[in-house]
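Colleague: Structure supplied as coords38.csv; contents: CSV, C-alpha atoms and all ligand atoms.
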chain,number,residue,atom,x,y,z
A,20,MET,CA,1.2,-81.8,50.8
A,21,ASP,CA,3.7,-84.0,52.6
A,22,VAL,CA,1.0,-86.4,53.9
A,23,SER,CA,0.1,-88.2,50.7
A,24,PRO,CA,-2.4,-91.0,51.2
A,25,THR,CA,-1.9,-94.0,48.9
A,26,VAL,CA,-3.2,-93.4,45.4
A,27,THR,CA,-4.2,-96.2,43.1
A,28,ALA,CA,-5.7,-96.5,39.6
A,29,ALA,CA,-9.1,-96.8,41.3
A,30,ASP,CA,-8.8,-93.2,42.5
A,31,TYR,CA,-9.2,-92.1,38.9
A,32,ALA,CA,-13.0,-91.8,38.4
A,33,LEU,CA,-14.0,-93.0,34.9
A,34,ILE,CA,-16.2,-90.9,32.7
A,35,ARG,CA,-16.4,-93.0,29.6
A,36,ASN,CA,-16.2,-91.4,26.1
A,37,PRO,CA,-19.6,-92.0,24.5
A,38,ASP,CA,-18.0,-91.3,21.1
A,39,ALA,CA,-15.0,-93.7,21.6
A,40,ALA,CA,-13.7,-95.1,18.3
A,41,SER,CA,-15.2,-98.4,17.2
A,42,PRO,CA,-12.7,-101.3,16.7
A,43,THR,CA,-12.7,-100.7,13.0
A,44,GLN,CA,-12.1,-96.9,13.4
A,45,ARG,CA,-9.3,-97.7,15.9
A,46,THR,CA,-7.6,-100.1,13.6
A,47,ALA,CA,-7.7,-97.6,10.8
A,48,ALA,CA,-6.4,-94.8,13.1
A,49,MET,CA,-3.5,-97.1,14.1
A,50,GLU,CA,-2.6,-98.1,10.6
A,51,ALA,CA,0.4,-95.8,10.1
A,52,PRO,CA,0.2,-93.1,12.7
A,53,ALA,CA,2.6,-90.1,12.3
A,54,PHE,CA,4.3,-89.4,15.6
A,55,GLY,CA,2.0,-87.7,18.1
A,56,MET,CA,-0.8,-87.1,15.6
A,57,VAL,CA,-3.3,-89.8,16.7
A,58,PHE,CA,-4.8,-89.7,20.2
A,59,THR,CA,-6.7,-92.4,22.1
A,60,ASP,CA,-10.3,-92.0,23.4
A,61,HIS,CA,-9.5,-90.8,26.9
A,62,MET,CA,-7.1,-88.9,29.0
A,63,ALA,CA,-6.2,-88.8,32.7
A,64,ARG,CA,-6.6,-85.5,34.6
A,65,ALA,CA,-6.1,-84.3,38.1
A,66,THR,CA,-6.4,-80.8,39.5
A,67,TRP,CA,-4.2,-79.1,42.2
A,68,THR,CA,-5.1,-76.2,44.3
A,69,LEU,CA,-3.1,-74.4,46.9
A,70,ASP,CA,-5.5,-75.3,49.6
A,71,GLY,CA,-6.5,-78.8,48.6
A,72,GLY,CA,-3.4,-80.3,46.9
A,73,TRP,CA,-4.1,-82.8,44.2
A,74,ALA,CA,-7.7,-83.9,43.8
A,75,ASP,CA,-10.4,-84.7,41.3
A,76,ARG,CA,-8.5,-87.5,39.7
A,77,ARG,CA,-10.4,-88.7,36.7
A,78,ILE,CA,-10.3,-90.4,33.3
A,79,VAL,CA,-12.3,-88.3,30.9
A,80,PRO,CA,-13.1,-88.4,27.2
A,81,PHE,CA,-10.2,-87.0,25.1
A,82,GLU,CA,-11.4,-83.4,24.3
A,83,ASN,CA,-10.2,-79.9,23.9
A,84,LEU,CA,-9.4,-78.1,27.2
A,85,SER,CA,-11.3,-75.1,28.5
A,86,LEU,CA,-8.6,-72.7,29.6
A,87,HIS,CA,-8.8,-69.1,30.8
A,88,PRO,CA,-6.9,-66.9,28.4
A,89,GLY,CA,-4.9,-65.6,31.4
A,90,ALA,CA,-3.7,-69.1,32.4
A,91,THR,CA,-0.1,-69.0,33.6
A,92,VAL,CA,1.1,-71.6,31.1
A,93,LEU,CA,0.0,-69.5,28.1
A,94,HIS,CA,2.1,-66.5,29.3
A,95,TYR,CA,5.0,-67.7,31.3
A,96,SER,CA,5.4,-71.3,30.1
A,97,GLN,CA,5.0,-72.8,33.6
A,98,GLN,CA,4.9,-76.3,32.3
A,99,VAL,CA,6.7,-79.6,32.5
A,100,PHE,CA,6.2,-82.9,30.6
A,101,GLU,CA,7.4,-86.4,30.2
A,102,GLY,CA,7.5,-89.1,27.5
A,103,LEU,CA,7.4,-92.8,28.0
A,104,LYS,CA,6.1,-95.8,26.1
A,105,ALA,CA,3.8,-98.8,26.7
A,106,TYR,CA,4.8,-101.9,24.8
A,107,ARG,CA,2.6,-104.9,23.7
A,108,TRP,CA,4.3,-108.2,24.4
A,109,ALA,CA,3.7,-111.3,22.4
A,110,ASP,CA,1.7,-112.8,25.3
A,111,GLY,CA,-0.7,-109.9,25.0
A,112,SER,CA,0.4,-108.1,28.1
A,113,THR,CA,1.3,-104.4,28.3
A,114,ARG,CA,4.6,-103.2,29.8
A,115,LEU,CA,6.2,-99.9,30.6
A,116,PHE,CA,9.9,-99.3,30.4
A,117,ARG,CA,11.4,-97.8,33.7
A,118,PRO,CA,8.4,-95.5,34.4
A,119,GLU,CA,9.7,-94.8,37.9
A,120,GLY,CA,12.5,-92.9,36.2
A,121,ASN,CA,10.0,-90.7,34.3
A,122,ALA,CA,8.0,-90.2,37.5
A,123,ARG,CA,11.0,-89.1,39.5
A,124,ARG,CA,12.3,-86.8,36.7
A,125,MET,CA,8.8,-85.2,36.4
A,126,ALA,CA,8.8,-84.4,40.1
A,127,ALA,CA,12.3,-82.9,39.8
A,128,SER,CA,11.3,-80.9,36.7
A,129,ALA,CA,8.1,-79.7,38.5
A,130,ALA,CA,10.2,-78.5,41.4
A,131,ARG,CA,12.4,-76.5,39.1
A,132,LEU,CA,9.4,-74.8,37.5
A,133,GLY,CA,7.7,-74.0,40.7
A,134,LEU,CA,5.0,-76.5,40.1
A,135,PRO,CA,3.6,-79.1,42.5
A,136,ALA,CA,4.8,-82.6,41.8
A,137,ILE,CA,2.6,-85.7,41.7
A,138,THR,CA,4.0,-88.7,43.6
A,139,GLU,CA,5.6,-91.6,41.8
A,140,GLU,CA,2.7,-93.7,42.9
A,141,ASP,CA,0.1,-91.2,41.6
A,142,PHE,CA,2.0,-91.0,38.3
A,143,LEU,CA,1.9,-94.8,37.9
A,144,ALA,CA,-1.8,-94.9,39.0
A,145,SER,CA,-2.7,-92.4,36.2
A,146,VAL,CA,-1.0,-94.5,33.6
A,147,GLU,CA,-2.6,-97.7,34.8
A,148,ALA,CA,-6.0,-96.1,34.9
A,149,LEU,CA,-5.7,-94.7,31.4
A,150,LEU,CA,-4.4,-98.0,30.1
A,151,SER,CA,-7.2,-99.9,31.7
A,152,VAL,CA,-9.7,-98.1,29.6
A,153,ASP,CA,-7.6,-97.4,26.4
A,154,GLY,CA,-5.5,-100.6,26.6
A,155,ASP,CA,-6.7,-101.7,23.1
A,156,TRP,CA,-4.8,-98.7,21.7
A,157,VAL,CA,-1.4,-100.3,22.5
A,158,PRO,CA,-0.3,-101.5,19.1
A,159,SER,CA,1.2,-104.9,18.4
A,160,GLU,CA,2.8,-104.5,15.0
A,161,GLY,CA,6.6,-104.6,14.8
A,162,GLU,CA,8.3,-101.9,16.8
A,163,SER,CA,5.2,-99.8,17.5
A,164,SER,CA,4.1,-98.7,20.9
A,165,LEU,CA,1.7,-96.4,22.8
A,166,TYR,CA,3.5,-93.1,23.6
A,167,LEU,CA,2.4,-91.6,26.9
A,168,ARG,CA,2.6,-87.9,27.4
A,169,PRO,CA,2.1,-86.5,30.9
A,170,VAL,CA,2.0,-82.7,31.4
A,171,ILE,CA,1.8,-80.5,34.5
A,172,MET,CA,0.9,-76.9,33.9
A,173,GLY,CA,-0.1,-73.7,35.7
A,174,THR,CA,-3.8,-72.9,34.8
A,175,GLU,CA,-4.5,-70.0,37.2
A,176,ALA,CA,-5.8,-66.9,35.5
A,177,CYS,CA,-3.2,-64.5,36.8
A,178,LEU,CA,-0.9,-62.3,34.7
A,179,GLY,CA,1.1,-61.5,37.8
A,180,VAL,CA,4.5,-63.3,37.7
A,181,ARG,CA,4.3,-65.9,40.4
A,182,PRO,CA,3.8,-69.7,40.6
A,183,SER,CA,0.3,-70.6,39.6
A,184,GLN,CA,-2.1,-71.5,42.5
A,185,GLU,CA,-4.1,-73.8,40.2
A,186,VAL,CA,-2.4,-76.6,38.4
A,187,GLU,CA,-3.6,-79.3,36.0
A,188,TYR,CA,-2.1,-82.7,35.4
A,189,LEU,CA,-2.9,-84.3,32.1
A,190,LEU,CA,-1.9,-87.6,30.6
A,191,MET,CA,-2.6,-88.3,27.0
A,192,ALA,CA,-1.6,-91.3,24.8
A,193,CYS,CA,-0.7,-91.7,21.1
A,194,PRO,CA,-0.2,-94.9,19.2
A,195,VAL,CA,3.1,-94.6,17.4
A,196,GLY,CA,4.6,-96.8,14.6
A,197,ALA,CA,8.3,-97.8,14.3
A,198,TYR,CA,10.3,-94.5,14.4
A,199,PHE,CA,12.2,-95.6,11.3
A,200,SER,CA,9.6,-97.1,9.0
A,201,GLY,CA,12.1,-98.1,6.3
A,202,GLY,CA,14.8,-99.5,8.6
A,203,VAL,CA,17.2,-97.6,10.8
A,204,ARG,CA,18.6,-94.6,8.9
A,205,PRO,CA,21.7,-92.7,10.1
A,206,VAL,CA,21.1,-89.0,10.5
A,207,SER,CA,23.0,-85.9,9.8
A,208,ILE,CA,23.6,-83.4,12.6
A,209,TRP,CA,24.0,-79.7,12.4
A,210,VAL,CA,26.1,-78.0,15.1
A,211,ALA,CA,24.2,-75.0,16.4
A,212,GLN,CA,25.8,-71.7,15.5
A,213,GLY,CA,25.6,-69.2,18.3
A,214,PHE,CA,22.5,-70.6,19.9
A,215,HIS,CA,22.3,-72.7,23.0
A,216,ARG,CA,19.7,-74.9,24.5
A,217,ALA,CA,20.5,-74.3,28.2
A,218,GLY,CA,22.7,-72.2,30.5
A,219,GLU,CA,24.1,-72.9,33.9
A,220,GLY,CA,21.4,-72.4,36.6
A,221,GLY,CA,18.7,-72.5,33.9
A,222,THR,CA,16.2,-75.2,33.1
A,223,GLY,CA,18.3,-77.4,31.0
A,224,GLN,CA,17.9,-80.5,33.2
A,225,ALA,CA,14.2,-80.0,33.5
A,226,LYS,CA,11.9,-81.5,30.9
A,227,THR,CA,10.0,-78.3,30.1
A,228,GLY,CA,8.5,-76.9,26.9
A,229,GLY,CA,10.5,-73.7,27.1
A,230,ASN,CA,13.7,-75.6,26.3
A,231,TYR,CA,12.1,-76.9,23.2
A,232,ALA,CA,10.7,-73.5,22.2
A,233,GLY,CA,14.3,-72.2,22.1
A,234,SER,CA,15.5,-75.1,20.1
A,235,LEU,CA,13.0,-74.8,17.2
A,236,MET,CA,14.7,-72.0,15.3
A,237,PRO,CA,18.2,-73.7,15.4
A,238,GLN,CA,16.4,-76.9,14.4
A,239,GLN,CA,15.0,-75.1,11.4
A,240,GLN,CA,18.5,-74.0,10.5
A,241,ALA,CA,19.7,-77.6,10.7
A,242,GLN,CA,17.0,-78.5,8.2
A,243,ASP,CA,17.8,-75.6,6.0
A,244,ASN,CA,21.3,-77.0,5.9
A,245,GLY,CA,20.2,-80.4,4.9
A,246,CYS,CA,20.5,-81.9,8.4
A,247,ASP,CA,18.0,-83.8,10.5
A,248,GLN,CA,18.8,-82.6,14.0
A,249,VAL,CA,20.8,-79.9,15.8
A,250,LEU,CA,23.6,-80.5,18.3
A,251,PHE,CA,24.0,-77.9,21.0
A,252,LEU,CA,27.3,-76.8,22.6
A,253,ASP,CA,27.6,-75.5,26.2
A,254,ALA,CA,26.5,-71.9,26.6
A,255,ARG,CA,29.5,-70.8,28.7
A,256,LYS,CA,32.3,-71.6,26.4
A,257,ASP,CA,30.5,-72.6,23.2
A,258,LYS,CA,33.0,-75.5,23.2
A,259,TYR,CA,31.7,-78.7,24.7
A,260,ILE,CA,29.0,-80.9,23.1
A,261,GLU,CA,25.9,-81.2,25.2
A,262,GLU,CA,23.0,-82.9,23.5
A,263,LEU,CA,20.5,-82.7,20.6
A,264,GLY,CA,17.2,-80.8,21.0
A,265,GLY,CA,15.6,-83.9,22.5
A,266,MET,CA,18.2,-86.7,22.6
A,267,ASN,CA,21.5,-87.5,24.5
A,268,VAL,CA,24.6,-88.3,22.5
A,269,PHE,CA,27.4,-91.0,22.7
A,270,ALA,CA,30.6,-91.6,20.9
A,271,VAL,CA,32.2,-95.1,20.5
A,272,ARG,CA,35.9,-95.0,20.4
A,273,ARG,CA,38.2,-97.4,18.6
A,274,ASP,CA,39.9,-98.3,21.9
A,275,GLY,CA,36.5,-99.8,23.0
A,276,THR,CA,35.6,-97.1,25.4
A,277,ILE,CA,32.3,-95.1,25.1
A,278,TRP,CA,32.2,-91.4,25.8
A,279,THR,CA,29.1,-89.3,26.7
A,280,PRO,CA,28.9,-85.8,28.0
A,281,ARG,CA,28.7,-85.8,31.8
A,282,VAL,CA,25.5,-84.3,33.2
A,283,THR,CA,26.3,-80.8,34.5
A,284,GLY,CA,22.9,-79.3,35.1
A,285,THR,CA,22.5,-78.1,31.5
A,286,ILE,CA,21.8,-81.6,30.0
A,287,LEU,CA,18.6,-83.5,30.3
A,288,GLU,CA,19.4,-86.8,31.9
A,289,GLY,CA,17.6,-89.4,29.7
A,290,VAL,CA,16.2,-92.6,30.9
A,291,THR,CA,17.5,-94.1,27.7
A,292,ARG,CA,21.0,-92.6,28.4
A,293,ALA,CA,21.1,-94.2,31.8
A,294,SER,CA,20.0,-97.5,30.4
A,295,VAL,CA,22.6,-97.4,27.6
A,296,ILE,CA,25.3,-96.8,30.2
A,297,GLU,CA,24.0,-99.6,32.4
A,298,LEU,CA,23.8,-102.0,29.4
A,299,LEU,CA,27.4,-101.2,28.4
A,300,ARG,CA,28.8,-101.5,31.9
A,301,THR,CA,27.0,-104.8,32.3
A,302,GLU,CA,28.8,-106.0,29.2
A,303,GLY,CA,32.1,-105.0,30.7
A,304,ARG,CA,32.6,-101.9,28.6
A,305,GLU,CA,34.1,-98.8,29.9
A,306,VAL,CA,31.8,-95.8,29.8
A,307,ILE,CA,33.4,-92.4,30.4
A,308,GLU,CA,31.1,-89.4,31.4
A,309,ARG,CA,33.2,-86.3,30.7
A,310,ASP,CA,33.4,-83.0,29.0
A,311,ILE,CA,33.8,-83.6,25.3
A,312,SER,CA,34.9,-80.6,23.2
A,313,LEU,CA,33.6,-80.3,19.6
A,314,GLU,CA,37.3,-79.9,18.5
A,315,GLU,CA,38.2,-83.2,20.2
A,316,LEU,CA,35.2,-85.0,18.7
A,317,ARG,CA,36.0,-83.7,15.2
A,318,ALA,CA,39.7,-84.7,15.5
A,319,GLY,CA,38.6,-88.1,16.7
A,320,ILE,CA,36.2,-88.6,13.8
A,321,ALA,CA,38.9,-87.4,11.3
A,322,ASP,CA,41.7,-89.6,12.7
A,323,GLY,CA,39.5,-92.7,13.1
A,324,SER,CA,39.7,-92.8,16.9
A,325,VAL,CA,35.9,-92.2,17.1
A,326,VAL,CA,34.3,-95.0,15.2
A,327,GLU,CA,30.6,-94.5,16.0
A,328,LEU,CA,28.3,-91.7,17.1
A,329,PHE,CA,24.7,-92.1,18.2
A,330,ALA,CA,21.8,-90.3,19.8
A,331,CYS,CA,19.3,-91.8,22.2
A,332,GLY,CA,15.9,-91.0,23.6
A,333,THR,CA,12.5,-92.7,24.2
A,334,ALA,CA,11.0,-91.7,20.9
A,335,ALA,CA,13.6,-93.1,18.5
A,336,VAL,CA,15.5,-95.4,21.0
A,337,ILE,CA,18.9,-95.2,19.4
A,338,THR,CA,19.7,-93.3,16.3
A,339,PRO,CA,23.0,-93.6,14.5
A,340,ILE,CA,24.7,-90.4,13.5
A,341,ALA,CA,26.4,-90.4,10.1
A,342,ARG,CA,27.6,-86.8,9.7
A,343,LEU,CA,28.5,-83.8,11.8
A,344,VAL,CA,28.1,-80.6,9.9
A,345,SER,CA,28.7,-76.8,10.3
A,346,PRO,CA,29.5,-74.0,8.0
A,347,ASP,CA,33.2,-74.9,8.5
A,348,PHE,CA,33.3,-78.6,8.3
A,349,ASP,CA,31.4,-81.8,7.2
A,350,GLU,CA,32.7,-84.8,9.0
A,351,LEU,CA,31.5,-88.3,8.0
A,352,VAL,CA,31.7,-90.7,11.0
A,353,ALA,CA,33.6,-93.8,9.7
A,354,ASP,CA,31.8,-94.9,6.5
A,355,GLY,CA,28.5,-93.2,7.6
A,356,GLY,CA,26.7,-96.4,8.0
A,357,PRO,CA,25.1,-97.5,11.3
A,358,GLY,CA,27.9,-98.7,13.6
A,359,ALA,CA,28.0,-102.3,15.0
A,360,LEU,CA,27.9,-101.3,18.7
A,361,THR,CA,25.1,-98.8,18.0
A,362,MET,CA,23.0,-101.4,16.4
A,363,HIS,CA,23.8,-104.0,19.1
A,364,LEU,CA,22.7,-101.6,21.8
A,365,ARG,CA,19.5,-100.8,19.8
A,366,GLY,CA,18.8,-104.5,19.6
A,367,ARG,CA,19.5,-105.1,23.3
A,368,LEU,CA,17.2,-102.3,24.4
A,369,THR,CA,14.3,-103.1,22.1
A,370,ASP,CA,14.6,-106.8,22.8
A,371,ILE,CA,14.1,-106.0,26.5
A,372,GLN,CA,11.3,-103.5,25.8
A,373,TYR,CA,9.4,-106.0,23.6
A,374,GLY,CA,10.0,-109.0,25.9
A,375,ARG,CA,12.2,-110.8,23.3
A,376,ALA,CA,15.0,-110.9,25.9
A,377,ASP,CA,15.2,-111.6,29.6
A,378,ASP,CA,14.6,-108.4,31.6
A,379,VAL,CA,17.7,-109.0,33.7
A,380,HIS,CA,17.8,-105.4,34.9
A,381,GLY,CA,14.2,-105.5,36.2
A,382,TRP,CA,13.3,-102.5,33.9
A,383,MET,CA,9.9,-103.6,32.7
A,384,ARG,CA,6.7,-103.0,34.6
A,385,ARG,CA,3.5,-104.9,33.8
A,386,VAL,CA,0.4,-102.8,33.7
A,387,ASN,CA,-2.2,-104.9,31.9
B,401,LIG,C1,13.4,-86.3,26.9
B,401,LIG,C2,14.7,-85.8,26.5
B,401,LIG,C3,15.8,-86.6,26.3
B,401,LIG,C4,15.7,-88.1,26.3
B,401,LIG,O1,15.2,-88.6,27.5
B,401,LIG,P1,14.7,-90.1,27.6
B,401,LIG,O2,14.3,-90.2,29.0
B,401,LIG,O3,15.7,-91.0,27.2
B,401,LIG,O4,13.5,-90.1,26.6
B,401,LIG,C5,17.0,-86.0,26.0
B,401,LIG,N1,17.1,-84.7,25.9
B,401,LIG,C6,16.1,-83.8,26.1
B,401,LIG,C7,16.3,-82.4,26.0
B,401,LIG,C8,14.8,-84.4,26.4
B,401,LIG,O5,13.8,-83.5,26.6
When written as structure tokens, how does the structure in this file appear?
Modeller:
Amino acid sequence: MDVSPTVTAADYALIRNPDAASPTQRTAAMEAPAFGMVFTDHMARATWTLDGGWADRRIVPFENLSLHPGATVLHYSQQVFEGLKAYRWADGSTRLFRPEGNARRMAASAARLGLPAITEEDFLASVEALLSVDGDWVPSEGESSLYLRPVIMGTEACLGVRPSQEVEYLLMACPVGAYFSGGVRPVSIWVAQGFHRAGEGGTGQAKTGGNYAGSLMPQQQAQDNGCDQVLFLDARKDKYIEELGGMNVFAVRRDGTIWTPRVTGTILEGVTRASVIELLRTEGREVIERDISLEELRAGIADGSVVELFACGTAAVITPIARLVSPDFDELVADGGPGALTMHLRGRLTDIQYGRADDVHGWMRRVN
């Protein structure tokens, strides 16, 4: 549908949850929520059909879905998703961090998966509509937030392999506590052995569940080897570092420059990654987006020219990396502690997100 009339939060018809949590139940549920395990009272939905485009926008009680067993998403993984957070500021207001970036990326992911996109305006309208009814679920404790998870998926009952002619948009929300409850802890990273996350021309730059499905077994191997996360190398040469299963990576060099893998089509371009690059450049630092071979990175860690390594993404913001591990090596980055620039960037980003610092980049969007 190229003629898209203006969509606002008011277009999401509200069907209130008669069994919504009481304030006491809500407080208890928000006590110490494990990531993605506690859901709010409502969700946003919209339904797309080939003939009618997007319609039936609604806020409904959070409940199980009724899905035909032949639904495309269950067989051919025709699905894309996003992840962003709503933050409670000290003045009681609720803000989103660069949601336009998530809206644009979701549209691009949808296009790659043969799914209809929703407009940026519609995306924001759904978030606003959900927050207007579930706004009390945005936590205010420390570095907690309300994680928002939009999904677009093919729901047509059709085992034939073609794009679904019926599509559902869902937006759910989960209160989440500070990612690192006991203070920021540097993680150990396992370098994937013979497995890749994405290949050229594939779906690596789309945020789609299938990329994650393929990362779970290597992630299990990381854990079996005493590591927290897995680092994937490029599929063509098995040589250049790409990213973790769900986070982009950066290396801080002793000469003051910061390196990160350039986006080539096989890396998911994070909103956090873009923001880190912008923050660093604003501070006058040189950020170099280039191919980084594992060999070069290892040599840099060993000779001290790489002084910090960190990963970044919406869920954990910025995570220091202490060790890089494989069957052949175990490299400790500097003294293994969180690096100064890593922690400075983490502070800068979270200060902006929680309204403790001026939003000089115009990244925060007020919703409530
Ligand atoms: C979502 C995601 C990221 C991080 O993106 P942000 O927008 O910063 O949250 C990085 N890599 C992958 C594979 C992802 O799915």
Colleague: Would you mind telling me which residue in A:Asp247, A:Asp378, A:Glu82, A:Glu261 lies nearest to ligand LIG 401 (chain B) when using only C-alpha atoms and all ligand atoms?
Modeller: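 Distance minimum relative to ligand LIG 401 (chain B) lands on A:Glu261.
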Colleague: I'd like a table as CSV: residues in chain A with an atom no more than 10 Å from ligand LIG 401 (chain B), each row giving the shortest atom pair and its distance in Å to one decimal, all atoms listed in the file counted, sorted by chain and rising residue number.
Modeller:
residue,atom,partner,partner_atom,distance
A:Phe100,CA,B:LIG401,O5,8.6
A:Glu101,CA,B:LIG401,C1,6.8
A:Gly102,CA,B:LIG401,O4,6.1
A:Leu103,CA,B:LIG401,O4,6.8
A:Lys104,CA,B:LIG401,O4,9.4
A:Arg117,CA,B:LIG401,O2,9.4
A:Pro118,CA,B:LIG401,O2,9.6
A:Gly120,CA,B:LIG401,O2,7.9
A:Asn121,CA,B:LIG401,O2,6.8
A:Arg124,CA,B:LIG401,O2,8.7
A:Arg216,CA,B:LIG401,C7,8.4
A:Ala217,CA,B:LIG401,C7,9.4
A:Gly223,CA,B:LIG401,C7,7.3
A:Gln224,CA,B:LIG401,C7,7.6
A:Ala225,CA,B:LIG401,O5,7.7
A:Lys226,CA,B:LIG401,O5,5.1
A:Thr227,CA,B:LIG401,O5,7.3
A:Gly228,CA,B:LIG401,O5,8.5
A:Asn230,CA,B:LIG401,C7,7.3
A:Tyr231,CA,B:LIG401,C7,7.5
A:Ser234,CA,B:LIG401,C7,9.4
A:Glu261,CA,B:LIG401,N1,9.5
A:Glu262,CA,B:LIG401,N1,6.6
A:Leu263,CA,B:LIG401,N1,6.6
A:Gly264,CA,B:LIG401,C7,5.3
A:Gly265,CA,B:LIG401,C6,3.6
A:Met266,CA,B:LIG401,C5,3.7
A:Asn267,CA,B:LIG401,C5,5.0
A:Val268,CA,B:LIG401,C5,8.7
A:Thr285,CA,B:LIG401,C7,9.3
A:Ile286,CA,B:LIG401,C7,6.8
A:Leu287,CA,B:LIG401,N1,4.8
A:Glu288,CA,B:LIG401,O1,6.3
A:Gly289,CA,B:LIG401,O1,3.4
A:Val290,CA,B:LIG401,O2,3.6
A:Thr291,CA,B:LIG401,O3,3.6
A:Arg292,CA,B:LIG401,O3,5.7
A:Ala293,CA,B:LIG401,O3,7.8
A:Ser294,CA,B:LIG401,O3,8.4
A:Val295,CA,B:LIG401,O3,9.4
A:Ala330,CA,B:LIG401,C5,8.9
A:Cys331,CA,B:LIG401,O3,6.2
A:Gly332,CA,B:LIG401,O3,3.6
A:Thr333,CA,B:LIG401,O4,3.7
A:Ala334,CA,B:LIG401,O4,6.4
A:Ala335,CA,B:LIG401,O4,8.6
A:Val336,CA,B:LIG401,O3,7.6
A:Ile337,CA,B:LIG401,O3,9.4
Colleague: Expressed in Å to a single decimal, how great is the separation between CA of Val152 (chain A) and CA of Leu134 (chain A)?
Modeller: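 Between these atoms lies a distance of 28.2 Å.
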Colleague: Could you please give me, as a list in words, the residues of protein, DNA or RNA lying at most 9 Å from (-3.3, -73.5, 46.5) in the coordinate frame of the file, considering all atoms listed in the file?
Modeller: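 Answer for this query, in the requested form: Trp67, Thr68, Leu69, Asp70, Gly71, Gly72, Ser183, Gln184, Glu185 and Val186 of chain A.
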Colleague: Just checking: using only C-alpha atoms, which residue out of A:Ala32, A:Leu351, A:Val306, A:Val344 ends up closest to Gln242 (chain A)?
Modeller: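 Of A:Ala32, A:Leu351, A:Val306, A:Val344, the one nearest Gln242 (chain A) is A:Val344, counting only C-alpha atoms.
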Colleague: Tell me, in Å to one decimal, how far CA of Asp370 (chain A) is from CA of Thr46 (chain A).
Modeller: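 Going from CA of Asp370 (chain A) over to CA of Thr46 (chain A) covers 24.9 Å.
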Colleague: Do you know which residues are at most 6 Å from Glu327 (chain A) counting all atoms listed in the file, after dropping those on the same chain fewer than 2 positions away, and could you put them as an MDAnalysis selection string?
Modeller: chainID A and resid 270:271 325 358
Colleague: If I take CA of Ile78 (chain A) and CA of Val157 (chain A), how far is one from the other in Å, to one decimal?
Modeller: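 Computing the Euclidean distance for CA of Ile78 (chain A) and CA of Val157 (chain A) yields 17.1 Å.
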Colleague: Can you tell me which residues surround Pro158 (chain A) at a distance of at most 8 Å, considering only C-alpha atoms, apart from same-chain residues fewer than 6 positions away, and format the answer as a VMD selection string?
Modeller: chain A and resid 49 106 to 107 164 to 165 194 to 195
Colleague: Between A:Thr43, A:Ser112, A:Ser312, A:Ser207, which residue has the minimum interatomic distance to Pro280 (chain A), considering all atoms listed in the file?
Modeller: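 Looking at the shortest contact to Pro280 (chain A), the residue is A:Ser312.
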Colleague: Please identify all polymer residues within 12 Å of Phe199 (chain A), counting all atoms listed in the file, omitting same-chain residues fewer than 3 positions from it, and present them as a compact mmCIF listing (two decimals) with C-alpha atoms, in the coordinates of the input.
Modeller:
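Result file is out13.txt:
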# COMPACT_ATOMS: atom_id res chain seq x y z
CA ALA A 51 0.40 -95.80 10.10
CA ALA A 53 2.60 -90.10 12.30
CA PHE A 54 4.30 -89.40 15.60
CA GLY A 161 6.60 -104.60 14.80
CA GLU A 162 8.30 -101.90 16.80
CA SER A 163 5.20 -99.80 17.50
CA VAL A 195 3.10 -94.60 17.40
CA GLY A 196 4.60 -96.80 14.60
CA GLY A 202 14.80 -99.50 8.60
CA VAL A 203 17.20 -97.60 10.80
CA ARG A 204 18.60 -94.60 8.90
CA PRO A 205 21.70 -92.70 10.10
CA VAL A 206 21.10 -89.00 10.50
CA ALA A 334 11.00 -91.70 20.90
CA ALA A 335 13.60 -93.10 18.50
CA VAL A 336 15.50 -95.40 21.00
CA ILE A 337 18.90 -95.20 19.40
CA THR A 338 19.70 -93.30 16.30
CA PRO A 339 23.00 -93.60 14.50
Colleague: Which of these, A:Ser41, A:Asn36, A:Asn387, A:Gln98, has the shortest distance to Val170 (chain A) once you count all atoms listed in the file?
Modeller: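 Looking at the shortest contact to Val170 (chain A), the residue is A:Gln98.
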Colleague: I'd like to know which of A:Pro80, A:Gly213, A:Pro135, A:Gly218 is closest to Phe58 (chain A), using all atoms listed in the file.
Modeller: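 Checking each candidate against Phe58 (chain A), we get A:Pro80 as the closest.
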Colleague: Would you kindly identify which residues have an atom no farther than 12 Å from (16.4, -108.0, 23.5), using only C-alpha atoms and the file's own coordinates, and write them out as number ranges by chain?
Modeller: A: 298, 362-380
Colleague: Using only C-alpha atoms, which of the listed residues (A:Tyr95, A:Ser128, A:Ser200, A:Leu328) sits closest to Leu316 (chain A)?
Modeller: A:Leu328
